[in-house]
file entry.csv (CSV, C-alpha atoms and all ligand atoms)
chain,number,residue,atom,x,y,z
A,1087,MET,CA,117.3,164.3,100.3
A,1088,LYS,CA,115.3,162.1,98.1
A,1089,ALA,CA,112.2,163.8,96.7
A,1090,TYR,CA,109.1,161.8,97.2
A,1091,VAL,CA,106.1,162.1,95.0
A,1092,ASN,CA,103.0,160.2,95.8
A,1093,PRO,CA,102.2,157.8,92.9
A,1094,ASN,CA,98.5,158.6,93.3
A,1095,THR,CA,99.3,162.3,92.7
A,1096,ILE,CA,101.2,161.3,89.5
A,1097,SER,CA,98.3,159.1,88.4
A,1098,LEU,CA,95.8,161.9,89.1
A,1099,VAL,CA,97.8,164.5,87.1
A,1100,TYR,CA,98.3,162.0,84.3
A,1101,ASN,CA,94.5,161.2,84.1
A,1102,LYS,CA,93.6,165.0,84.2
A,1103,ALA,CA,96.2,165.7,81.5
A,1104,ARG,CA,94.9,162.9,79.3
A,1105,ALA,CA,91.3,164.0,79.8
A,1106,LEU,CA,92.2,167.5,78.7
A,1107,LEU,CA,94.1,166.2,75.7
A,1108,GLU,CA,91.3,164.0,74.6
A,1109,LEU,CA,88.9,166.9,74.9
A,1110,ALA,CA,91.1,168.8,72.4
A,1111,TYR,CA,91.9,165.8,70.2
A,1112,PRO,CA,89.2,163.1,70.5
A,1113,PRO,CA,90.6,159.6,69.9
A,1114,VAL,CA,90.1,158.3,66.4
A,1115,CYS,CA,89.6,154.7,65.4
A,1116,SER,CA,92.8,153.6,63.6
A,1117,LEU,CA,90.8,151.2,61.4
A,1118,CYS,CA,87.6,153.1,60.3
A,1119,LEU,CA,88.4,156.7,61.4
A,1120,ALA,CA,85.2,156.8,63.5
A,1121,ARG,CA,85.4,158.2,67.0
A,1122,GLY,CA,87.6,155.9,69.1
A,1123,ASP,CA,87.0,154.7,72.6
A,1124,SER,CA,89.1,156.5,75.2
A,1125,GLY,CA,92.6,154.9,75.6
A,1126,TYR,CA,92.1,152.4,72.8
A,1127,ASP,CA,92.5,154.2,69.4
A,1128,LEU,CA,89.8,151.9,68.1
A,1129,CYS,CA,86.0,152.2,68.1
A,1130,ARG,CA,83.9,149.7,69.9
A,1131,GLY,CA,82.8,147.9,66.7
A,1132,CYS,CA,86.4,147.5,65.3
A,1133,ARG,CA,87.5,146.3,68.8
A,1134,ASP,CA,84.8,143.6,68.8
A,1135,ASP,CA,85.9,142.5,65.3
A,1136,LEU,CA,89.5,141.8,66.3
A,1137,PRO,CA,90.6,138.2,65.8
A,1138,GLN,CA,90.1,136.3,69.0
A,1139,LEU,CA,91.6,133.0,70.1
A,1140,GLU,CA,88.8,130.6,70.4
A,1141,ARG,CA,89.9,127.4,72.1
A,1142,CYS,CA,93.5,127.2,73.2
A,1143,CYS,CA,95.9,125.4,75.6
A,1144,GLU,CA,95.7,127.0,79.0
A,1145,ARG,CA,99.4,126.6,79.5
A,1146,CYS,CA,100.9,127.8,76.2
A,1147,GLY,CA,98.0,129.4,74.4
A,1148,LEU,CA,98.3,127.2,71.3
A,1149,ALA,CA,95.0,126.9,69.3
A,1150,LEU,CA,93.3,123.6,69.9
A,1151,GLU,CA,90.9,121.6,67.9
A,1152,SER,CA,89.3,119.8,70.8
A,1153,ARG,CA,88.0,121.0,74.1
A,1154,ALA,CA,91.1,119.7,75.9
A,1155,GLN,CA,92.7,121.9,78.6
A,1156,HIS,CA,96.2,121.4,77.3
A,1157,CYS,CA,98.0,120.7,74.0
A,1158,GLY,CA,99.9,117.5,73.4
A,1159,GLY,CA,103.2,119.3,73.6
A,1160,CYS,CA,102.5,120.7,77.1
A,1161,LEU,CA,101.2,117.2,78.3
A,1162,ARG,CA,104.4,115.5,77.0
A,1163,LYS,CA,106.8,118.1,78.3
A,1164,PRO,CA,105.3,121.0,80.3
A,1165,PRO,CA,107.1,124.3,79.6
A,1166,PRO,CA,108.7,126.2,82.6
A,1167,PHE,CA,105.8,128.7,82.6
A,1168,ASP,CA,102.5,127.9,84.1
A,1169,LEU,CA,99.9,129.9,82.1
A,1170,THR,CA,99.7,132.0,79.0
A,1171,VAL,CA,97.4,134.9,78.5
A,1172,ALA,CA,97.2,136.0,74.9
A,1173,ALA,CA,94.9,138.9,74.1
A,1174,LEU,CA,94.3,138.2,70.4
A,1175,SER,CA,95.2,135.9,67.6
A,1176,TYR,CA,98.1,137.0,65.5
A,1177,ARG,CA,96.1,137.8,62.3
A,1178,ALA,CA,95.1,140.9,60.5
A,1179,PRO,CA,94.9,143.7,61.7
A,1180,VAL,CA,96.7,142.6,64.9
A,1181,ASP,CA,99.9,141.6,63.0
A,1182,ARG,CA,100.0,145.1,61.4
A,1183,PHE,CA,99.6,146.8,64.8
A,1184,VAL,CA,102.5,144.7,66.2
A,1185,HIS,CA,104.6,145.4,63.1
A,1186,GLU,CA,103.9,149.2,63.3
A,1187,LEU,CA,105.0,149.2,67.0
A,1188,LYS,CA,108.1,147.1,66.5
A,1189,PHE,CA,109.5,148.2,63.2
A,1190,GLN,CA,108.0,151.7,62.6
A,1191,GLY,CA,108.3,152.9,66.1
A,1192,LYS,CA,104.6,153.8,66.4
A,1193,LEU,CA,104.5,153.8,70.2
A,1194,ALA,CA,100.8,154.6,70.3
A,1195,ARG,CA,100.3,151.0,69.2
A,1196,ALA,CA,101.7,149.9,72.6
A,1197,ARG,CA,98.9,151.9,74.3
A,1198,LEU,CA,96.3,150.0,72.2
A,1199,LEU,CA,97.8,146.6,72.4
A,1200,GLY,CA,98.6,147.0,76.1
A,1201,ALA,CA,95.0,148.1,76.9
A,1202,LEU,CA,93.7,145.0,75.1
A,1203,LEU,CA,96.0,142.8,77.0
A,1204,ALA,CA,95.1,144.4,80.3
A,1205,ASP,CA,91.4,143.7,79.5
A,1206,ALA,CA,92.2,140.0,78.8
A,1207,VAL,CA,94.1,139.7,82.1
A,1208,ALA,CA,91.6,141.6,84.2
A,1209,ASN,CA,88.8,139.0,83.6
A,1210,ARG,CA,90.1,136.4,86.0
A,1211,ALA,CA,89.3,135.0,89.4
A,1212,THR,CA,92.9,133.9,90.3
A,1213,PRO,CA,95.4,136.3,91.9
A,1214,LEU,CA,97.5,138.6,89.7
A,1215,PRO,CA,101.3,138.3,89.7
A,1216,GLU,CA,103.3,140.4,92.1
A,1217,LEU,CA,105.7,141.7,89.4
A,1218,LEU,CA,105.7,142.3,85.6
A,1219,ILE,CA,108.9,141.6,83.7
A,1220,PRO,CA,109.2,142.5,80.0
A,1221,VAL,CA,111.3,140.2,77.8
A,1222,PRO,CA,114.5,142.2,77.4
A,1223,LEU,CA,116.3,143.1,74.2
A,1224,HIS,CA,120.0,142.9,73.9
A,1225,PRO,CA,121.6,146.3,74.6
A,1226,ARG,CA,122.8,146.6,71.1
A,1227,ARG,CA,119.3,145.9,69.6
A,1228,LEU,CA,117.8,148.3,72.2
A,1229,ARG,CA,120.2,151.1,70.9
A,1230,GLN,CA,119.3,150.4,67.3
A,1231,ARG,CA,115.5,150.4,67.9
A,1232,GLY,CA,115.5,153.0,70.6
A,1233,PHE,CA,112.9,151.3,72.7
A,1234,ASN,CA,111.9,147.8,73.8
A,1235,GLN,CA,108.4,147.1,72.6
A,1236,ALA,CA,107.8,144.6,75.5
A,1237,ALA,CA,108.8,147.2,78.1
A,1238,GLU,CA,106.4,149.7,76.4
A,1239,LEU,CA,103.6,147.2,76.7
A,1240,GLY,CA,104.6,146.5,80.3
A,1241,ARG,CA,104.3,150.2,81.1
A,1242,VAL,CA,100.7,150.3,79.9
A,1243,LEU,CA,99.9,147.1,81.8
A,1244,ALA,CA,101.5,148.3,85.0
A,1245,HIS,CA,99.5,151.5,84.8
A,1246,ARG,CA,96.2,149.9,84.0
A,1247,LEU,CA,96.4,147.1,86.4
A,1248,GLY,CA,98.3,148.9,89.2
A,1249,LEU,CA,101.1,146.3,89.3
A,1250,PRO,CA,104.9,147.0,89.6
A,1251,LEU,CA,107.1,146.6,86.5
A,1252,ASP,CA,110.8,145.9,86.5
A,1253,HIS,CA,112.4,146.2,83.1
A,1254,ARG,CA,115.9,145.9,84.5
A,1255,ILE,CA,115.9,142.7,86.5
A,1256,LEU,CA,116.2,140.4,83.5
A,1257,SER,CA,118.9,141.1,81.0
A,1258,ARG,CA,119.8,139.6,77.6
A,1259,THR,CA,123.4,138.8,77.7
A,1260,ARG,CA,123.8,137.2,74.3
A,1261,GLU,CA,122.8,138.9,71.0
A,1262,THR,CA,120.9,136.4,68.9
A,1263,PRO,CA,119.5,136.6,65.4
A,1264,PRO,CA,115.8,137.6,65.4
A,1265,GLN,CA,113.6,134.6,66.1
A,1266,HIS,CA,111.3,135.3,63.1
A,1267,GLU,CA,114.2,134.8,60.7
A,1268,LEU,CA,114.8,131.3,62.0
A,1269,PRO,CA,113.0,128.0,61.4
A,1270,ALA,CA,111.1,126.7,64.4
A,1271,ALA,CA,113.6,124.0,65.2
A,1272,ALA,CA,116.5,126.5,65.4
A,1273,ARG,CA,114.7,128.9,67.7
A,1274,ARG,CA,115.2,127.1,70.9
A,1275,SER,CA,118.9,126.7,70.6
A,1276,ASN,CA,119.1,130.3,69.4
A,1277,VAL,CA,118.0,131.7,72.7
A,1278,ARG,CA,119.6,129.1,75.0
A,1279,GLY,CA,121.5,130.9,77.8
A,1280,ALA,CA,120.5,134.3,76.4
A,1281,PHE,CA,119.0,135.6,79.7
A,1282,ARG,CA,120.4,136.4,83.1
A,1283,LEU,CA,119.0,137.8,86.3
A,1284,ARG,CA,120.7,141.0,87.4
A,1285,ARG,CA,119.7,140.7,91.1
A,1286,SER,CA,117.8,138.2,93.2
A,1287,LEU,CA,114.1,137.8,92.7
A,1288,GLU,CA,112.2,138.9,95.8
A,1289,VAL,CA,108.7,137.7,94.7
A,1290,ARG,CA,107.4,134.3,93.8
A,1291,HIS,CA,104.7,135.0,91.2
A,1292,VAL,CA,105.7,137.0,88.1
A,1293,ALA,CA,104.4,137.6,84.6
A,1294,LEU,CA,106.7,137.8,81.5
A,1295,ILE,CA,105.5,140.4,79.0
A,1296,ASP,CA,106.1,140.1,75.2
A,1297,ASP,CA,104.5,141.3,72.1
A,1298,VAL,CA,103.9,138.0,70.1
A,1299,MET,CA,104.4,134.4,71.0
A,1300,THR,CA,105.1,132.1,68.0
A,1301,THR,CA,106.9,128.9,69.1
A,1302,GLY,CA,107.4,130.2,72.6
A,1303,SER,CA,111.1,129.5,72.7
A,1304,THR,CA,112.0,133.0,73.9
A,1305,VAL,CA,109.6,133.0,76.8
A,1306,ARG,CA,110.4,129.4,77.6
A,1307,GLU,CA,114.1,130.3,78.1
A,1308,ALA,CA,113.3,133.5,80.1
A,1309,ALA,CA,110.8,131.5,82.3
A,1310,ARG,CA,113.4,128.8,82.9
A,1311,VAL,CA,115.9,131.4,84.3
A,1312,LEU,CA,113.1,132.9,86.5
A,1313,LYS,CA,112.1,129.5,87.9
A,1314,LYS,CA,115.8,128.6,88.5
A,1315,SER,CA,116.0,131.9,90.5
A,1316,GLY,CA,113.2,131.0,92.8
A,1317,ALA,CA,110.0,132.0,91.0
A,1318,GLU,CA,107.2,129.6,91.8
A,1319,ARG,CA,104.7,130.7,89.3
A,1320,VAL,CA,105.6,132.3,85.9
A,1321,GLU,CA,102.8,133.5,83.6
A,1322,VAL,CA,103.4,134.6,80.0
A,1323,TRP,CA,101.3,137.6,78.9
A,1324,VAL,CA,101.4,138.4,75.1
A,1325,THR,CA,99.3,140.7,73.0
A,1326,ALA,CA,99.0,138.0,70.3
A,1327,ARG,CA,99.5,134.3,69.8
A,1328,ALA,CA,100.5,132.9,66.4
B,1401,ZN,ZN,86.5,151.5,63.9
B,1402,ZN,ZN,100.3,123.9,75.3

call {"tool": "encode", "arguments": {"input": "entry.csv", "output": "structure tokens", "more": "lines below"}}
Ligand SMILES: [Zn+2]
Ligand SMILES: [Zn+2]
result
Amino acid sequence: MKAYVNPNTISLVYNKARALLELAYPPVCSLCLARGDSGYDLCRGCRDDLPQLERCCERCGLALESRAQHCGGCLRKPPPFDLTVAALSYRAPVDRFVHELKFQGKLARARLLGALLADAVANRATPLPELLIPVPLHPRRLRQRGFNQAAELGRVLAHRLGLPLDHRILSRTRETPPQHELPAAARRSNVRGAFRLRRSLEVRHVALIDDVMTTGSTVREAARVLKKSGAERVEVWVTARA
């Protein structure tokens, strides 16, 4: 017989455990060592000082000079995703947080970056997606790293926003050199055909989760596969936009 545990019970136990833990070890701001806000690892002041994206393209998150809604690139050739939510600009200290998460395995950074992204998403009037899908790593890279940073962020988002997360539905079938090692022009062909859906998509509105968006080639390719598989609306949620 399959054991059934009410998710509300899990959440209650988790919140109680966290409250107790925070009583014993109060959160400390990772930037100024003052007392941090619960669940952020940053104090209010340092959180307010993080680099924000001022004006940007609604569709791809690219910084814009004018008050235009969309960038020239999206007007000429709209990407397969419909909207980008980027919590912050990819500048110090956000770049360091992402680096520490990805390359030093500091998983606490996923909690911080995920919480900031959840805040950016929560301030909206339009409906939230039905499913969160982290951008997958190739199995070999996943074995090397031991975790997928996008899935770690997804877990925090799912918990904070109460949305389902599926880190298995999309897979990376081709191992590709890391995008940051390639010039912009080569990035698109690098990820072409790299993703595949493991089973059919049962929802129409999804959000792809990733840590950083630079040229957007990776999420573009992943979104293309999701749209081809029946998604009507694909959002891209990233902690930072370069
Ligand atoms: Zn601080
Ligand atoms: Zn754009």

call {"tool": "closest_residue", "arguments": {"input": "entry.csv", "among": "A:Arg1231, A:Arg1210, A:His1156, A:Arg1319", "to": "A:Gln1190", "atoms": "all atoms listed in the file"}}
result
A:Arg1231

call {"tool": "atom_distance", "arguments": {"input": "entry.csv", "atom1": "atom CA of A:Gly1147", "atom2": "atom CA of A:Trp1323"}}
result
9.9 Å

call {"tool": "residues_around", "arguments": {"input": "entry.csv", "residues": "A:Leu1198", "least_positions_apart": "3", "cutoff": "12 Å", "atoms": "all atoms listed in the file", "output": "PyMOL selection string"}}
result
chain A and resi 1113-1116+1122-1129+1133+1173+1180+1183-1184+1186-1187+1192-1195+1201-1205+1238-1239+1241-1243+1246+1297+1325

call {"tool": "residues_near_ligand", "arguments": {"input": "entry.csv", "ligand": "ligand ZN 1402 (chain B)", "cutoff": "10 Å", "atoms": "only C-alpha atoms and all ligand atoms", "output": "PyMOL selection string"}}
result
chain A and resi 1142-1150+1155-1165+1168-1170+1302

call {"tool": "atom_distance", "arguments": {"input": "entry.csv", "atom1": "atom CA of A:Asp1252", "atom2": "atom CA of A:Gly1232"}}
result
18.0 Å

call {"tool": "residues_around", "arguments": {"input": "entry.csv", "residues": "A:Ala1270", "least_positions_apart": "5", "cutoff": "10 Å", "atoms": "all atoms listed in the file", "output": "VMD selection string"}}
result
chain A and resid 1265 1275 1300 to 1303

call {"tool": "atom_distance", "arguments": {"input": "entry.csv", "atom1": "atom CA of A:Pro1263", "atom2": "atom CA of A:Arg1327"}}
result
20.6 Å

call {"tool": "residues_around", "arguments": {"input": "entry.csv", "residues": "A:Leu1217", "least_positions_apart": "5", "cutoff": "8 Å", "atoms": "all atoms listed in the file", "output": "ChimeraX atom specification"}}
result
/A:1249-1252,1289,1291-1293

call {"tool": "residues_around", "arguments": {"input": "entry.csv", "residues": "A:Thr1262", "least_positions_apart": "6", "cutoff": "9 Å", "atoms": "all atoms listed in the file", "output": "CSV table (one decimal) with C-alpha atoms, in the frame of the given file"}}
result
chain,number,residue,atom,x,y,z
A,1224,HIS,CA,120.0,142.9,73.9
A,1276,ASN,CA,119.1,130.3,69.4
A,1277,VAL,CA,118.0,131.7,72.7
A,1280,ALA,CA,120.5,134.3,76.4

call {"tool": "residues_near_point", "arguments": {"input": "entry.csv", "point": "(96.1, 134.3, 67.1)", "cutoff": "8 Å", "atoms": "all atoms listed in the file", "output": "PyMOL selection string"}}
result
chain A and resi 1137-1139+1149+1174-1177+1326-1328

call {"tool": "write_last_selection", "arguments": {"input": "entry.csv", "atoms": "C-alpha atoms", "output": "short mmCIF file (atom, residue, chain, number, x, y, z; two decimals), keeping the file's coordinate frame"}}
result
data_model
loop_
_atom_site.label_atom_id
_atom_site.label_comp_id
_atom_site.auth_asym_id
_atom_site.auth_seq_id
_atom_site.Cartn_x
_atom_site.Cartn_y
_atom_site.Cartn_z
CA PRO A 1137 90.60 138.20 65.80
CA GLN A 1138 90.10 136.30 69.00
CA LEU A 1139 91.60 133.00 70.10
CA ALA A 1149 95.00 126.90 69.30
CA LEU A 1174 94.30 138.20 70.40
CA SER A 1175 95.20 135.90 67.60
CA TYR A 1176 98.10 137.00 65.50
CA ARG A 1177 96.10 137.80 62.30
CA ALA A 1326 99.00 138.00 70.30
CA ARG A 1327 99.50 134.30 69.80
CA ALA A 1328 100.50 132.90 66.40
#

call {"tool": "closest_residue", "arguments": {"input": "entry.csv", "among": "A:Leu1109, A:Asn1101, A:Arg1121, A:Glu1216", "to": "ligand ZN 1401 (chain B)", "atoms": "all atoms listed in the file"}}
result
A:Arg1121

call {"tool": "residues_around", "arguments": {"input": "entry.csv", "residues": "A:Pro1264", "least_positions_apart": "3", "cutoff": "10 Å", "atoms": "only C-alpha atoms", "output": "PyMOL selection string"}}
result
chain A and resi 1227+1261+1267-1268+1273+1276-1277

call {"tool": "build_atoms", "arguments": {"input": "entry.csv", "residues": "stretch 1157-1168 of chain A", "atoms": "all heavy atoms", "output": "PDB file, in the coordinates of the input"}}
result
ATOM      1  N   CYS A1157      97.546 121.275  75.317  1.00  0.00           N
ATOM      2  CA  CYS A1157      98.000 120.700  74.000  1.00  0.00           C
ATOM      3  C   CYS A1157      98.855 119.490  74.279  1.00  0.00           C
ATOM      4  O   CYS A1157      99.346 119.288  75.395  1.00  0.00           O
ATOM      5  CB  CYS A1157      98.681 121.756  73.198  1.00  0.00           C
ATOM      6  SG  CYS A1157     100.321 122.173  73.806  1.00  0.00           S
ATOM      7  N   GLY A1158      99.080 118.706  73.237  1.00  0.00           N
ATOM      8  CA  GLY A1158      99.900 117.500  73.400  1.00  0.00           C
ATOM      9  C   GLY A1158     101.315 117.833  73.823  1.00  0.00           C
ATOM     10  O   GLY A1158     101.889 117.131  74.649  1.00  0.00           O
ATOM     11  N   GLY A1159     101.857 118.914  73.296  1.00  0.00           N
ATOM     12  CA  GLY A1159     103.200 119.300  73.600  1.00  0.00           C
ATOM     13  C   GLY A1159     103.369 119.601  75.135  1.00  0.00           C
ATOM     14  O   GLY A1159     104.323 119.154  75.773  1.00  0.00           O
ATOM     15  N   CYS A1160     102.405 120.306  75.710  1.00  0.00           N
ATOM     16  CA  CYS A1160     102.500 120.700  77.100  1.00  0.00           C
ATOM     17  C   CYS A1160     102.235 119.419  78.010  1.00  0.00           C
ATOM     18  O   CYS A1160     102.751 119.343  79.119  1.00  0.00           O
ATOM     19  CB  CYS A1160     101.460 121.741  77.475  1.00  0.00           C
ATOM     20  SG  CYS A1160     101.948 123.360  76.855  1.00  0.00           S
ATOM     21  N   LEU A1161     101.422 118.463  77.497  1.00  0.00           N
ATOM     22  CA  LEU A1161     101.200 117.200  78.300  1.00  0.00           C
ATOM     23  C   LEU A1161     102.457 116.390  78.303  1.00  0.00           C
ATOM     24  O   LEU A1161     102.817 115.833  79.331  1.00  0.00           O
ATOM     25  CB  LEU A1161     100.028 116.433  77.665  1.00  0.00           C
ATOM     26  CG  LEU A1161      98.633 117.007  77.909  1.00  0.00           C
ATOM     27  CD1 LEU A1161      97.586 116.190  77.179  1.00  0.00           C
ATOM     28  CD2 LEU A1161      98.314 117.051  79.408  1.00  0.00           C
ATOM     29  N   ARG A1162     103.121 116.302  77.136  1.00  0.00           N
ATOM     30  CA  ARG A1162     104.400 115.500  77.000  1.00  0.00           C
ATOM     31  C   ARG A1162     105.468 116.128  77.853  1.00  0.00           C
ATOM     32  O   ARG A1162     106.143 115.474  78.633  1.00  0.00           O
ATOM     33  CB  ARG A1162     104.797 115.371  75.592  1.00  0.00           C
ATOM     34  CG  ARG A1162     104.168 114.208  74.844  1.00  0.00           C
ATOM     35  CD  ARG A1162     104.854 113.976  73.507  1.00  0.00           C
ATOM     36  NE  ARG A1162     104.851 115.163  72.648  1.00  0.00           N
ATOM     37  CZ  ARG A1162     103.824 115.529  71.876  1.00  0.00           C
ATOM     38  NH1 ARG A1162     102.731 114.797  71.849  1.00  0.00           N
ATOM     39  NH2 ARG A1162     103.906 116.599  71.123  1.00  0.00           N
ATOM     40  N   LYS A1163     105.682 117.418  77.641  1.00  0.00           N
ATOM     41  CA  LYS A1163     106.800 118.100  78.300  1.00  0.00           C
ATOM     42  C   LYS A1163     106.343 119.503  78.683  1.00  0.00           C
ATOM     43  O   LYS A1163     106.432 120.432  77.878  1.00  0.00           O
ATOM     44  CB  LYS A1163     108.008 118.161  77.356  1.00  0.00           C
ATOM     45  CG  LYS A1163     109.294 118.611  78.021  1.00  0.00           C
ATOM     46  CD  LYS A1163     110.476 118.432  77.060  1.00  0.00           C
ATOM     47  CE  LYS A1163     111.808 118.743  77.727  1.00  0.00           C
ATOM     48  NZ  LYS A1163     112.119 120.137  77.870  1.00  0.00           N
ATOM     49  N   PRO A1164     105.832 119.676  79.923  1.00  0.00           N
ATOM     50  CA  PRO A1164     105.300 121.000  80.300  1.00  0.00           C
ATOM     51  C   PRO A1164     106.409 122.066  80.234  1.00  0.00           C
ATOM     52  O   PRO A1164     107.533 121.820  80.655  1.00  0.00           O
ATOM     53  CB  PRO A1164     104.854 120.803  81.751  1.00  0.00           C
ATOM     54  CG  PRO A1164     104.769 119.332  81.955  1.00  0.00           C
ATOM     55  CD  PRO A1164     105.737 118.694  81.012  1.00  0.00           C
ATOM     56  N   PRO A1165     106.083 123.235  79.693  1.00  0.00           N
ATOM     57  CA  PRO A1165     107.100 124.300  79.600  1.00  0.00           C
ATOM     58  C   PRO A1165     107.333 124.879  81.030  1.00  0.00           C
ATOM     59  O   PRO A1165     106.548 124.626  81.944  1.00  0.00           O
ATOM     60  CB  PRO A1165     106.400 125.363  78.747  1.00  0.00           C
ATOM     61  CG  PRO A1165     104.945 125.118  78.907  1.00  0.00           C
ATOM     62  CD  PRO A1165     104.785 123.645  79.141  1.00  0.00           C
ATOM     63  N   PRO A1166     108.410 125.653  81.221  1.00  0.00           N
ATOM     64  CA  PRO A1166     108.700 126.200  82.600  1.00  0.00           C
ATOM     65  C   PRO A1166     107.747 127.287  83.010  1.00  0.00           C
ATOM     66  O   PRO A1166     107.848 127.746  84.130  1.00  0.00           O
ATOM     67  CB  PRO A1166     110.132 126.731  82.417  1.00  0.00           C
ATOM     68  CG  PRO A1166     110.366 126.894  80.975  1.00  0.00           C
ATOM     69  CD  PRO A1166     109.473 125.946  80.257  1.00  0.00           C
ATOM     70  N   PHE A1167     106.829 127.716  82.148  1.00  0.00           N
ATOM     71  CA  PHE A1167     105.800 128.700  82.600  1.00  0.00           C
ATOM     72  C   PHE A1167     104.511 127.973  82.851  1.00  0.00           C
ATOM     73  O   PHE A1167     104.275 126.885  82.339  1.00  0.00           O
ATOM     74  CB  PHE A1167     105.677 129.850  81.605  1.00  0.00           C
ATOM     75  CG  PHE A1167     105.513 129.436  80.178  1.00  0.00           C
ATOM     76  CD1 PHE A1167     104.267 129.086  79.675  1.00  0.00           C
ATOM     77  CD2 PHE A1167     106.606 129.379  79.330  1.00  0.00           C
ATOM     78  CE1 PHE A1167     104.103 128.704  78.358  1.00  0.00           C
ATOM     79  CE2 PHE A1167     106.458 128.993  78.001  1.00  0.00           C
ATOM     80  CZ  PHE A1167     105.204 128.648  77.517  1.00  0.00           C
ATOM     81  N   ASP A1168     103.645 128.590  83.652  1.00  0.00           N
ATOM     82  CA  ASP A1168     102.500 127.900  84.100  1.00  0.00           C
ATOM     83  C   ASP A1168     101.180 128.226  83.369  1.00  0.00           C
ATOM     84  O   ASP A1168     100.216 127.472  83.410  1.00  0.00           O
ATOM     85  CB  ASP A1168     102.249 128.223  85.616  1.00  0.00           C
ATOM     86  CG  ASP A1168     103.474 127.847  86.423  1.00  0.00           C
ATOM     87  OD1 ASP A1168     103.528 126.704  86.882  1.00  0.00           O
ATOM     88  OD2 ASP A1168     104.398 128.675  86.561  1.00  0.00           O
TER      89      ASP A1168
END
